[in-house]
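Trainee: So that we are looking at the same thing, I have put the structure below in structure tokens.
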2 protein chains.
Amino acid sequence: MVVDFTVGQADVDRVFHALADATRRDILTRVIGEEQSVSALARRYAMSLPAVQKHVGVLESAGLVQKLRRGREARVSAELERIRLVRELLDRYEQLWRHRVVAMDHLLTDRPAK
Amino acid sequence: MVVDFTVGQADVDRVFHALADATRRDILTRVIGEEQSVSALARRYAMSLPAVQKHVGVLESAGLVQKLRRGREARVSAELERIRLVRELLDRYEQLWRHRVVAMDHLLTDRPAK
DNA sequence: CTATCGTGAAACCTTGTGGTTGTAGATTTC
DNA sequence: GAAATCTACAACCACAAGGTTTCACGATAG
């Protein structure tokens, strides 16, 4: 694989899949702003608690979020490293693109690209 | 929504969903490297042509890829802008995180954060 | 101790996704 | 013109996803 490094493809799959839902992205931003309990999060959405629990579960198994049991409530907090990892992956795509453009430029002008 | 700008949530959904599959990410990198026809792509994977067509379709409706009919073949090429857009979205998350840390610092030290 | 709150997990339903095969339409090539 | 190639689309299937309701359990509050 050209665009991948330490993490496995399945991990990347999970991260992108976790981000492919507006509710989950919203949960993530809320949790980045401030740690929150699952039910505190759930009160903000027009869906049942278990549904929100599942969303948090998806974010957690993607490594984007951490869930710590604090007394009777489960505090959800963001894992910045994972977000940064994905962003770097996207950077790689842009680098690939730049390489391609350079190569095409080289091809067309028949001299080393600027 | 805090972390979103010009594009709708549904668009973001589609982009992340499109990237949440190893085959599609591989197609994208190949196409970034060089425009390719659908069947040329299909030969590289252990799946039927229609399956690859569907993957390309997903990438296309996410705006990550463009499909142009060139004679009897369909040339698939990458759309860098969309990739860059997603990366910027991820940047926003990191900025949120930084704001949070600054705010907490402010809270703890009881003076304007550095 | 009891009542309540937050959580977790199972069972279930509906829809979407990724894959298949099969058929058919255009475009080149011989 | 016939044959080969590339594409497109429909029907179908198995399974995963997102949602629901229900039940049960640990922790706090009165």
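Going by the structure tokens order, chains are called A, B, ..., each with residues numbered from 1, while ligands are numbered from 1 in the order shown.
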Taking 6 positions as the minimum chain separation for residues in the same chain, which residues sit within 12 Å of segment 26-30 of chain D when counting only C-alpha atoms (C1' of nucleotides)? Answer as a ChimeraX atom specification.

Mentor: /A:69-74 /C:1-8

Trainee: May I have the residues of chain B within 8 Å of chain A, counting only C-alpha atoms, written as a PDB file with N, CA, C and O atoms, in the first residue's frame?

Mentor:
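What landed in iface_29.pdb:
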ATOM      1  N   MET B   1     -23.854  23.590  13.593  1.00  0.00           N
ATOM      2  CA  MET B   1     -22.659  22.726  13.616  1.00  0.00           C
ATOM      3  C   MET B   1     -21.382  23.546  13.766  1.00  0.00           C
ATOM      4  O   MET B   1     -21.170  24.509  13.034  1.00  0.00           O
ATOM      5  N   VAL B   2     -20.553  23.161  14.640  1.00  0.00           N
ATOM      6  CA  VAL B   2     -19.339  23.920  14.883  1.00  0.00           C
ATOM      7  C   VAL B   2     -18.288  23.645  13.805  1.00  0.00           C
ATOM      8  O   VAL B   2     -17.736  24.563  13.215  1.00  0.00           O
ATOM      9  N   VAL B   3     -18.064  22.379  13.538  1.00  0.00           N
ATOM     10  CA  VAL B   3     -17.022  22.016  12.584  1.00  0.00           C
ATOM     11  C   VAL B   3     -17.628  21.690  11.240  1.00  0.00           C
ATOM     12  O   VAL B   3     -17.862  20.552  10.903  1.00  0.00           O
ATOM     13  N   GLN B   9     -23.684  18.495   5.540  1.00  0.00           N
ATOM     14  CA  GLN B   9     -23.299  17.317   6.310  1.00  0.00           C
ATOM     15  C   GLN B   9     -23.327  16.072   5.445  1.00  0.00           C
ATOM     16  O   GLN B   9     -22.472  15.200   5.556  1.00  0.00           O
ATOM     17  N   ALA B  10     -24.333  15.989   4.582  1.00  0.00           N
ATOM     18  CA  ALA B  10     -24.461  14.800   3.747  1.00  0.00           C
ATOM     19  C   ALA B  10     -23.238  14.624   2.857  1.00  0.00           C
ATOM     20  O   ALA B  10     -22.782  13.499   2.630  1.00  0.00           O
ATOM     21  N   VAL B  12     -20.178  15.615   3.546  1.00  0.00           N
ATOM     22  CA  VAL B  12     -19.093  15.129   4.402  1.00  0.00           C
ATOM     23  C   VAL B  12     -19.285  13.653   4.689  1.00  0.00           C
ATOM     24  O   VAL B  12     -18.331  12.866   4.640  1.00  0.00           O
ATOM     25  N   ASP B  13     -20.528  13.276   4.978  1.00  0.00           N
ATOM     26  CA  ASP B  13     -20.835  11.862   5.176  1.00  0.00           C
ATOM     27  C   ASP B  13     -20.312  11.041   4.015  1.00  0.00           C
ATOM     28  O   ASP B  13     -19.596  10.049   4.198  1.00  0.00           O
ATOM     29  N   ARG B  14     -20.666  11.452   2.817  1.00  0.00           N
ATOM     30  CA  ARG B  14     -20.287  10.683   1.632  1.00  0.00           C
ATOM     31  C   ARG B  14     -18.776  10.579   1.465  1.00  0.00           C
ATOM     32  O   ARG B  14     -18.253   9.523   1.127  1.00  0.00           O
ATOM     33  N   VAL B  15     -18.094  11.696   1.716  1.00  0.00           N
ATOM     34  CA  VAL B  15     -16.638  11.680   1.551  1.00  0.00           C
ATOM     35  C   VAL B  15     -15.984  10.713   2.528  1.00  0.00           C
ATOM     36  O   VAL B  15     -15.180   9.864   2.132  1.00  0.00           O
ATOM     37  N   PHE B  16     -16.354  10.813   3.793  1.00  0.00           N
ATOM     38  CA  PHE B  16     -15.745   9.918   4.777  1.00  0.00           C
ATOM     39  C   PHE B  16     -16.129   8.475   4.503  1.00  0.00           C
ATOM     40  O   PHE B  16     -15.298   7.575   4.599  1.00  0.00           O
ATOM     41  N   HIS B  17     -17.378   8.275   4.140  1.00  0.00           N
ATOM     42  CA  HIS B  17     -17.802   6.913   3.844  1.00  0.00           C
ATOM     43  C   HIS B  17     -17.014   6.346   2.664  1.00  0.00           C
ATOM     44  O   HIS B  17     -16.613   5.188   2.669  1.00  0.00           O
ATOM     45  N   LEU B  19     -14.059   7.023   1.868  1.00  0.00           N
ATOM     46  CA  LEU B  19     -12.683   6.740   2.280  1.00  0.00           C
ATOM     47  C   LEU B  19     -12.596   5.591   3.281  1.00  0.00           C
ATOM     48  O   LEU B  19     -11.501   5.135   3.615  1.00  0.00           O
ATOM     49  N   ALA B  20     -13.742   5.106   3.738  1.00  0.00           N
ATOM     50  CA  ALA B  20     -13.764   4.069   4.771  1.00  0.00           C
ATOM     51  C   ALA B  20     -13.686   2.670   4.184  1.00  0.00           C
ATOM     52  O   ALA B  20     -14.238   1.725   4.721  1.00  0.00           O
ATOM     53  N   ASP B  21     -13.010   2.527   3.053  1.00  0.00           N
ATOM     54  CA  ASP B  21     -12.889   1.219   2.414  1.00  0.00           C
ATOM     55  C   ASP B  21     -11.527   1.138   1.751  1.00  0.00           C
ATOM     56  O   ASP B  21     -11.159   2.013   0.954  1.00  0.00           O
ATOM     57  N   ALA B  22     -10.783   0.084   2.074  1.00  0.00           N
ATOM     58  CA  ALA B  22      -9.395  -0.038   1.620  1.00  0.00           C
ATOM     59  C   ALA B  22      -9.303  -0.070   0.095  1.00  0.00           C
ATOM     60  O   ALA B  22      -8.415   0.561  -0.489  1.00  0.00           O
ATOM     61  N   ASP B  26      -7.374   2.617  -2.199  1.00  0.00           N
ATOM     62  CA  ASP B  26      -6.356   2.163  -3.146  1.00  0.00           C
ATOM     63  C   ASP B  26      -6.643   2.691  -4.546  1.00  0.00           C
ATOM     64  O   ASP B  26      -5.750   3.165  -5.247  1.00  0.00           O
ATOM     65  N   THR B  29      -5.604   6.326  -4.655  1.00  0.00           N
ATOM     66  CA  THR B  29      -4.162   6.563  -4.792  1.00  0.00           C
ATOM     67  C   THR B  29      -3.702   6.226  -6.203  1.00  0.00           C
ATOM     68  O   THR B  29      -2.901   6.955  -6.783  1.00  0.00           O
ATOM     69  N   ILE B  32      -4.770   9.018  -8.410  1.00  0.00           N
ATOM     70  CA  ILE B  32      -3.976  10.220  -8.183  1.00  0.00           C
ATOM     71  C   ILE B  32      -2.674  10.100  -8.961  1.00  0.00           C
ATOM     72  O   ILE B  32      -2.226  11.050  -9.599  1.00  0.00           O
ATOM     73  N   GLY B  33      -2.088   8.925  -8.926  1.00  0.00           N
ATOM     74  CA  GLY B  33      -0.840   8.705  -9.631  1.00  0.00           C
ATOM     75  C   GLY B  33      -0.982   8.888 -11.128  1.00  0.00           C
ATOM     76  O   GLY B  33      -0.117   9.457 -11.789  1.00  0.00           O
ATOM     77  N   GLU B  34      -2.107   8.407 -11.655  1.00  0.00           N
ATOM     78  CA  GLU B  34      -2.320   8.471 -13.108  1.00  0.00           C
ATOM     79  C   GLU B  34      -3.768   8.129 -13.424  1.00  0.00           C
ATOM     80  O   GLU B  34      -4.323   7.175 -12.876  1.00  0.00           O
ATOM     81  N   LEU B  80      -8.523  16.749  -6.432  1.00  0.00           N
ATOM     82  CA  LEU B  80      -7.731  17.109  -5.259  1.00  0.00           C
ATOM     83  C   LEU B  80      -8.480  18.000  -4.290  1.00  0.00           C
ATOM     84  O   LEU B  80      -8.349  17.874  -3.076  1.00  0.00           O
ATOM     85  N   ILE B  83     -10.196  16.267  -1.483  1.00  0.00           N
ATOM     86  CA  ILE B  83      -9.279  15.699  -0.495  1.00  0.00           C
ATOM     87  C   ILE B  83      -8.792  16.794   0.437  1.00  0.00           C
ATOM     88  O   ILE B  83      -8.786  16.642   1.660  1.00  0.00           O
ATOM     89  N   ARG B  84      -8.412  17.920  -0.168  1.00  0.00           N
ATOM     90  CA  ARG B  84      -7.917  19.041   0.631  1.00  0.00           C
ATOM     91  C   ARG B  84      -9.001  19.524   1.585  1.00  0.00           C
ATOM     92  O   ARG B  84      -8.743  19.853   2.738  1.00  0.00           O
ATOM     93  N   VAL B  86     -11.352  17.810   3.030  1.00  0.00           N
ATOM     94  CA  VAL B  86     -11.454  16.928   4.183  1.00  0.00           C
ATOM     95  C   VAL B  86     -10.306  17.170   5.148  1.00  0.00           C
ATOM     96  O   VAL B  86     -10.494  17.221   6.366  1.00  0.00           O
ATOM     97  N   ARG B  87      -9.123  17.374   4.590  1.00  0.00           N
ATOM     98  CA  ARG B  87      -7.977  17.614   5.465  1.00  0.00           C
ATOM     99  C   ARG B  87      -8.190  18.880   6.278  1.00  0.00           C
ATOM    100  O   ARG B  87      -7.872  18.940   7.468  1.00  0.00           O
ATOM    101  N   LEU B  90     -10.423  18.222   9.141  1.00  0.00           N
ATOM    102  CA  LEU B  90      -9.680  17.602  10.239  1.00  0.00           C
ATOM    103  C   LEU B  90      -8.875  18.649  10.997  1.00  0.00           C
ATOM    104  O   LEU B  90      -8.779  18.615  12.232  1.00  0.00           O
ATOM    105  N   ASP B  91      -8.312  19.594  10.268  1.00  0.00           N
ATOM    106  CA  ASP B  91      -7.578  20.686  10.910  1.00  0.00           C
ATOM    107  C   ASP B  91      -8.458  21.403  11.922  1.00  0.00           C
ATOM    108  O   ASP B  91      -8.021  21.768  13.007  1.00  0.00           O
ATOM    109  N   TYR B  93     -10.802  20.239  13.715  1.00  0.00           N
ATOM    110  CA  TYR B  93     -10.875  19.476  14.947  1.00  0.00           C
ATOM    111  C   TYR B  93      -9.653  19.765  15.815  1.00  0.00           C
ATOM    112  O   TYR B  93      -9.761  19.981  17.021  1.00  0.00           O
ATOM    113  N   GLU B  94      -8.504  19.794  15.176  1.00  0.00           N
ATOM    114  CA  GLU B  94      -7.289  20.046  15.938  1.00  0.00           C
ATOM    115  C   GLU B  94      -7.311  21.448  16.536  1.00  0.00           C
ATOM    116  O   GLU B  94      -6.853  21.672  17.652  1.00  0.00           O
ATOM    117  N   LEU B  96      -9.998  23.105  17.410  1.00  0.00           N
ATOM    118  CA  LEU B  96     -10.907  23.015  18.548  1.00  0.00           C
ATOM    119  C   LEU B  96     -10.166  22.505  19.774  1.00  0.00           C
ATOM    120  O   LEU B  96     -10.300  23.032  20.872  1.00  0.00           O
ATOM    121  N   TRP B  97      -9.382  21.463  19.542  1.00  0.00           N
ATOM    122  CA  TRP B  97      -8.625  20.873  20.632  1.00  0.00           C
ATOM    123  C   TRP B  97      -7.699  21.905  21.266  1.00  0.00           C
ATOM    124  O   TRP B  97      -7.640  22.066  22.475  1.00  0.00           O
ATOM    125  N   ARG B 100      -9.520  24.271  23.395  1.00  0.00           N
ATOM    126  CA  ARG B 100      -9.922  23.659  24.654  1.00  0.00           C
ATOM    127  C   ARG B 100      -8.776  23.682  25.650  1.00  0.00           C
ATOM    128  O   ARG B 100      -8.932  24.044  26.797  1.00  0.00           O
TER     129      ARG B 100
END

Trainee: So which residues touch segment 14-16 of chain C within 10 Å, counting only C-alpha atoms (C1' of nucleotides), skipping near sequence neighbours fewer than 6 positions away, as a PyMOL selection string?

Mentor: chain D and resi 16-19

Trainee: List every residue of segment 15-106 of chain A that DSSP, applied to the backbone of this structure, places in alpha helix (DSSP H), and write the result as a compact mmCIF listing (two decimals) with N, CA, C and O atoms, in the first residue's frame.

Mentor:
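So states-v6.txt came out as:
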# COMPACT_ATOMS: atom_id res chain seq x y z
N VAL A 15 -11.75 4.33 11.44
CA VAL A 15 -11.69 5.77 11.71
C VAL A 15 -12.56 6.53 10.72
O VAL A 15 -13.39 7.36 11.11
N PHE A 16 -12.40 6.24 9.43
CA PHE A 16 -13.19 6.96 8.44
C PHE A 16 -14.67 6.64 8.60
O PHE A 16 -15.52 7.52 8.50
N HIS A 17 -14.95 5.38 8.84
CA HIS A 17 -16.35 5.01 9.02
C HIS A 17 -16.95 5.75 10.21
O HIS A 17 -18.09 6.22 10.16
N ALA A 18 -16.18 5.86 11.28
CA ALA A 18 -16.67 6.56 12.46
C ALA A 18 -16.98 8.02 12.14
O ALA A 18 -17.93 8.60 12.66
N LEU A 19 -16.19 8.60 11.26
CA LEU A 19 -16.37 10.02 10.93
C LEU A 19 -17.44 10.23 9.86
O LEU A 19 -17.82 11.37 9.58
N ALA A 22 -22.92 12.29 10.82
CA ALA A 22 -22.99 13.65 11.37
C ALA A 22 -23.13 13.63 12.89
O ALA A 22 -22.51 14.44 13.58
N THR A 23 -23.94 12.70 13.39
CA THR A 23 -24.10 12.62 14.85
C THR A 23 -22.77 12.33 15.52
O THR A 23 -22.41 12.96 16.52
N ARG A 24 -22.03 11.38 14.97
CA ARG A 24 -20.75 11.03 15.58
C ARG A 24 -19.76 12.18 15.49
O ARG A 24 -19.01 12.45 16.44
N ARG A 25 -19.74 12.89 14.35
CA ARG A 25 -18.84 14.04 14.26
C ARG A 25 -19.23 15.09 15.29
O ARG A 25 -18.39 15.71 15.93
N ASP A 26 -20.53 15.25 15.49
CA ASP A 26 -21.00 16.22 16.48
C ASP A 26 -20.58 15.81 17.88
O ASP A 26 -20.12 16.63 18.67
N ILE A 27 -20.74 14.54 18.18
CA ILE A 27 -20.31 14.04 19.48
C ILE A 27 -18.82 14.32 19.67
O ILE A 27 -18.39 14.79 20.73
N LEU A 28 -18.06 14.06 18.63
CA LEU A 28 -16.62 14.26 18.72
C LEU A 28 -16.28 15.71 19.03
O LEU A 28 -15.48 16.00 19.92
N THR A 29 -16.92 16.65 18.32
CA THR A 29 -16.62 18.05 18.57
C THR A 29 -17.04 18.44 19.98
O THR A 29 -16.32 19.16 20.67
N ARG A 30 -18.18 17.94 20.44
CA ARG A 30 -18.62 18.28 21.79
C ARG A 30 -17.63 17.77 22.82
O ARG A 30 -17.34 18.44 23.82
N VAL A 31 -17.12 16.58 22.57
CA VAL A 31 -16.23 15.93 23.52
C VAL A 31 -14.84 16.56 23.47
O VAL A 31 -14.13 16.59 24.48
N ILE A 32 -14.47 17.07 22.31
CA ILE A 32 -13.22 17.82 22.23
C ILE A 32 -13.34 19.07 23.07
O ILE A 32 -12.44 19.44 23.80
N GLY A 33 -14.48 19.72 22.99
CA GLY A 33 -14.71 20.93 23.77
C GLY A 33 -14.64 20.67 25.26
O GLY A 33 -14.08 21.46 26.02
N VAL A 38 -22.06 9.95 28.84
CA VAL A 38 -22.83 9.44 27.72
C VAL A 38 -24.26 9.98 27.74
O VAL A 38 -24.77 10.45 26.73
N SER A 39 -24.89 9.96 28.90
CA SER A 39 -26.29 10.40 28.95
C SER A 39 -26.40 11.91 28.78
O SER A 39 -27.37 12.40 28.22
N ALA A 40 -25.38 12.65 29.22
CA ALA A 40 -25.37 14.09 28.98
C ALA A 40 -25.34 14.34 27.48
O ALA A 40 -26.04 15.22 26.96
N LEU A 41 -24.55 13.55 26.76
CA LEU A 41 -24.53 13.66 25.31
C LEU A 41 -25.87 13.29 24.73
O LEU A 41 -26.43 13.98 23.86
N ALA A 42 -26.43 12.20 25.21
CA ALA A 42 -27.67 11.66 24.66
C ALA A 42 -28.81 12.67 24.73
O ALA A 42 -29.64 12.74 23.82
N LEU A 49 -31.10 6.76 24.12
CA LEU A 49 -29.80 6.63 24.77
C LEU A 49 -28.97 5.51 24.15
O LEU A 49 -27.81 5.73 23.82
N PRO A 50 -29.53 4.32 24.01
CA PRO A 50 -28.73 3.23 23.44
C PRO A 50 -28.15 3.58 22.08
O PRO A 50 -27.04 3.15 21.76
N ALA A 51 -28.89 4.33 21.28
CA ALA A 51 -28.37 4.74 19.97
C ALA A 51 -27.11 5.56 20.16
O ALA A 51 -26.08 5.32 19.49
N VAL A 52 -27.16 6.52 21.08
CA VAL A 52 -25.97 7.35 21.34
C VAL A 52 -24.85 6.48 21.90
O VAL A 52 -23.68 6.65 21.52
N GLN A 53 -25.19 5.56 22.77
CA GLN A 53 -24.18 4.66 23.30
C GLN A 53 -23.46 3.93 22.16
O GLN A 53 -22.24 3.79 22.17
N LYS A 54 -24.24 3.49 21.18
CA LYS A 54 -23.63 2.80 20.04
C LYS A 54 -22.69 3.73 19.29
O LYS A 54 -21.59 3.33 18.91
N HIS A 55 -23.13 4.96 19.07
CA HIS A 55 -22.27 5.91 18.36
C HIS A 55 -20.96 6.11 19.11
O HIS A 55 -19.88 6.09 18.52
N VAL A 56 -21.07 6.27 20.41
CA VAL A 56 -19.86 6.43 21.21
C VAL A 56 -18.99 5.18 21.08
O VAL A 56 -17.77 5.28 20.96
N GLY A 57 -19.64 4.03 21.08
CA GLY A 57 -18.89 2.78 20.90
C GLY A 57 -18.12 2.75 19.60
O GLY A 57 -16.97 2.31 19.57
N VAL A 58 -18.76 3.23 18.54
CA VAL A 58 -18.09 3.25 17.24
C VAL A 58 -16.89 4.18 17.28
O VAL A 58 -15.79 3.82 16.82
N LEU A 59 -17.08 5.36 17.87
CA LEU A 59 -15.96 6.31 17.99
C LEU A 59 -14.85 5.71 18.85
O LEU A 59 -13.66 5.89 18.55
N GLU A 60 -15.25 4.97 19.88
CA GLU A 60 -14.25 4.41 20.78
C GLU A 60 -13.44 3.32 20.07
O GLU A 60 -12.21 3.31 20.15
N SER A 61 -14.11 2.42 19.37
CA SER A 61 -13.37 1.34 18.73
C SER A 61 -12.58 1.85 17.53
O SER A 61 -11.72 1.15 17.00
N LEU A 80 -6.84 13.05 20.56
CA LEU A 80 -6.36 13.89 19.47
C LEU A 80 -5.43 13.16 18.51
O LEU A 80 -5.48 13.38 17.29
N GLU A 81 -4.62 12.26 19.04
CA GLU A 81 -3.61 11.60 18.19
C GLU A 81 -4.25 10.94 16.98
O GLU A 81 -3.71 10.99 15.88
N ARG A 82 -5.40 10.32 17.20
CA ARG A 82 -6.04 9.61 16.09
C ARG A 82 -6.50 10.57 15.02
O ARG A 82 -6.38 10.31 13.83
N ILE A 83 -7.03 11.71 15.45
CA ILE A 83 -7.47 12.71 14.48
C ILE A 83 -6.28 13.18 13.67
O ILE A 83 -6.33 13.27 12.44
N ARG A 84 -5.19 13.46 14.39
CA ARG A 84 -3.99 13.93 13.71
C ARG A 84 -3.48 12.88 12.72
O ARG A 84 -3.05 13.20 11.61
N LEU A 85 -3.59 11.62 13.10
CA LEU A 85 -3.15 10.53 12.23
C LEU A 85 -3.91 10.55 10.91
O LEU A 85 -3.31 10.42 9.83
N VAL A 86 -5.20 10.73 11.00
CA VAL A 86 -6.00 10.75 9.78
C VAL A 86 -5.63 11.94 8.91
O VAL A 86 -5.51 11.83 7.69
N ARG A 87 -5.40 13.06 9.57
CA ARG A 87 -5.05 14.26 8.80
C ARG A 87 -3.73 14.03 8.06
O ARG A 87 -3.58 14.42 6.91
N GLU A 88 -2.81 13.37 8.73
CA GLU A 88 -1.52 13.09 8.07
C GLU A 88 -1.71 12.15 6.89
O GLU A 88 -1.04 12.27 5.86
N LEU A 89 -2.66 11.21 7.05
CA LEU A 89 -2.94 10.31 5.94
C LEU A 89 -3.44 11.11 4.73
O LEU A 89 -3.01 10.89 3.60
N LEU A 90 -4.31 12.06 5.00
CA LEU A 90 -4.81 12.91 3.92
C LEU A 90 -3.67 13.71 3.31
O LEU A 90 -3.60 13.90 2.08
N ASP A 91 -2.74 14.16 4.16
CA ASP A 91 -1.57 14.87 3.65
C ASP A 91 -0.83 14.02 2.62
O ASP A 91 -0.38 14.53 1.60
N ARG A 92 -0.74 12.74 2.91
CA ARG A 92 -0.04 11.85 1.98
C ARG A 92 -0.68 11.88 0.60
O ARG A 92 0.01 11.88 -0.42
N TYR A 93 -2.00 11.91 0.58
CA TYR A 93 -2.67 11.97 -0.72
C TYR A 93 -2.25 13.23 -1.46
O TYR A 93 -1.95 13.20 -2.65
N GLU A 94 -2.22 14.34 -0.74
CA GLU A 94 -1.83 15.58 -1.39
C GLU A 94 -0.40 15.52 -1.89
O GLU A 94 -0.08 16.05 -2.96
N GLN A 95 0.45 14.86 -1.12
CA GLN A 95 1.84 14.71 -1.57
C GLN A 95 1.90 13.88 -2.85
O GLN A 95 2.62 14.22 -3.79
N LEU A 96 1.14 12.79 -2.86
CA LEU A 96 1.08 11.97 -4.08
C LEU A 96 0.69 12.83 -5.26
O LEU A 96 1.28 12.75 -6.34
N TRP A 97 -0.33 13.65 -5.04
CA TRP A 97 -0.81 14.51 -6.10
C TRP A 97 0.31 15.44 -6.60
O TRP A 97 0.53 15.58 -7.80
N ARG A 98 1.03 16.01 -5.65
CA ARG A 98 2.10 16.93 -6.04
C ARG A 98 3.16 16.19 -6.86
O ARG A 98 3.63 16.68 -7.87
N HIS A 99 3.50 14.98 -6.42
CA HIS A 99 4.47 14.20 -7.17
C HIS A 99 3.99 13.98 -8.59
O HIS A 99 4.74 14.08 -9.55
N ARG A 100 2.70 13.67 -8.71
CA ARG A 100 2.16 13.42 -10.04
C ARG A 100 2.27 14.65 -10.91
O ARG A 100 2.72 14.58 -12.05
N VAL A 101 1.89 15.78 -10.36
CA VAL A 101 1.93 17.02 -11.13
C VAL A 101 3.36 17.32 -11.56
O VAL A 101 3.62 17.65 -12.71
N VAL A 102 4.29 17.15 -10.63
CA VAL A 102 5.69 17.36 -10.96
C VAL A 102 6.12 16.42 -12.09
O VAL A 102 6.75 16.84 -13.05
N ALA A 103 5.71 15.17 -11.98
CA ALA A 103 6.09 14.20 -13.01
C ALA A 103 5.52 14.60 -14.37
O ALA A 103 6.21 14.54 -15.39
N MET A 104 4.27 15.04 -14.38
CA MET A 104 3.65 15.43 -15.64
C MET A 104 4.34 16.66 -16.21
O MET A 104 4.58 16.75 -17.41
N ASP A 105 4.66 17.58 -15.33
CA ASP A 105 5.36 18.79 -15.76
C ASP A 105 6.68 18.40 -16.40
O ASP A 105 7.03 18.86 -17.49
N HIS A 106 7.38 17.51 -15.74
CA HIS A 106 8.65 17.01 -16.27
C HIS A 106 8.45 16.41 -17.66
O HIS A 106 9.22 16.66 -18.59

Trainee: I want to know what sits within 12 Å of DG25 of chain C, based on only C-alpha atoms (C1' of nucleotides), with residues of the same chain fewer than 2 positions away left out; could you give that as a list in words?

Mentor: Arg72 of chain B; DT23 and DT27 of chain C; DC6, DT7, DA8 and DC9 of chain D

Trainee: If we count only C-alpha atoms (C1' of nucleotides), which residues of chain C reach to within 10 Å of chain B? Please list them as a ChimeraX atom specification.

Mentor: /C:18-21,26-28

Trainee: Measure the distance from atom C1' of DC23 of chain D to atom CA of Val65 of chain A in Å and round it to one decimal.

Mentor: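 Value for the atom C1' of DC23 of chain D-atom CA of Val65 of chain A distance: 27.8 Å.
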
Trainee: Using DSSP on the backbone coordinates, identify all residues within chain B classified as strand (DSSP E); present the result as a list of chain:residue names.

Mentor: B:Gln36, B:Ser37, B:Val65, B:Gln66, B:Lys67, B:Leu68, B:Arg69, B:Arg70, B:Glu73, B:Ala74, B:Arg75, B:Val76, B:Ser77, B:Ala78
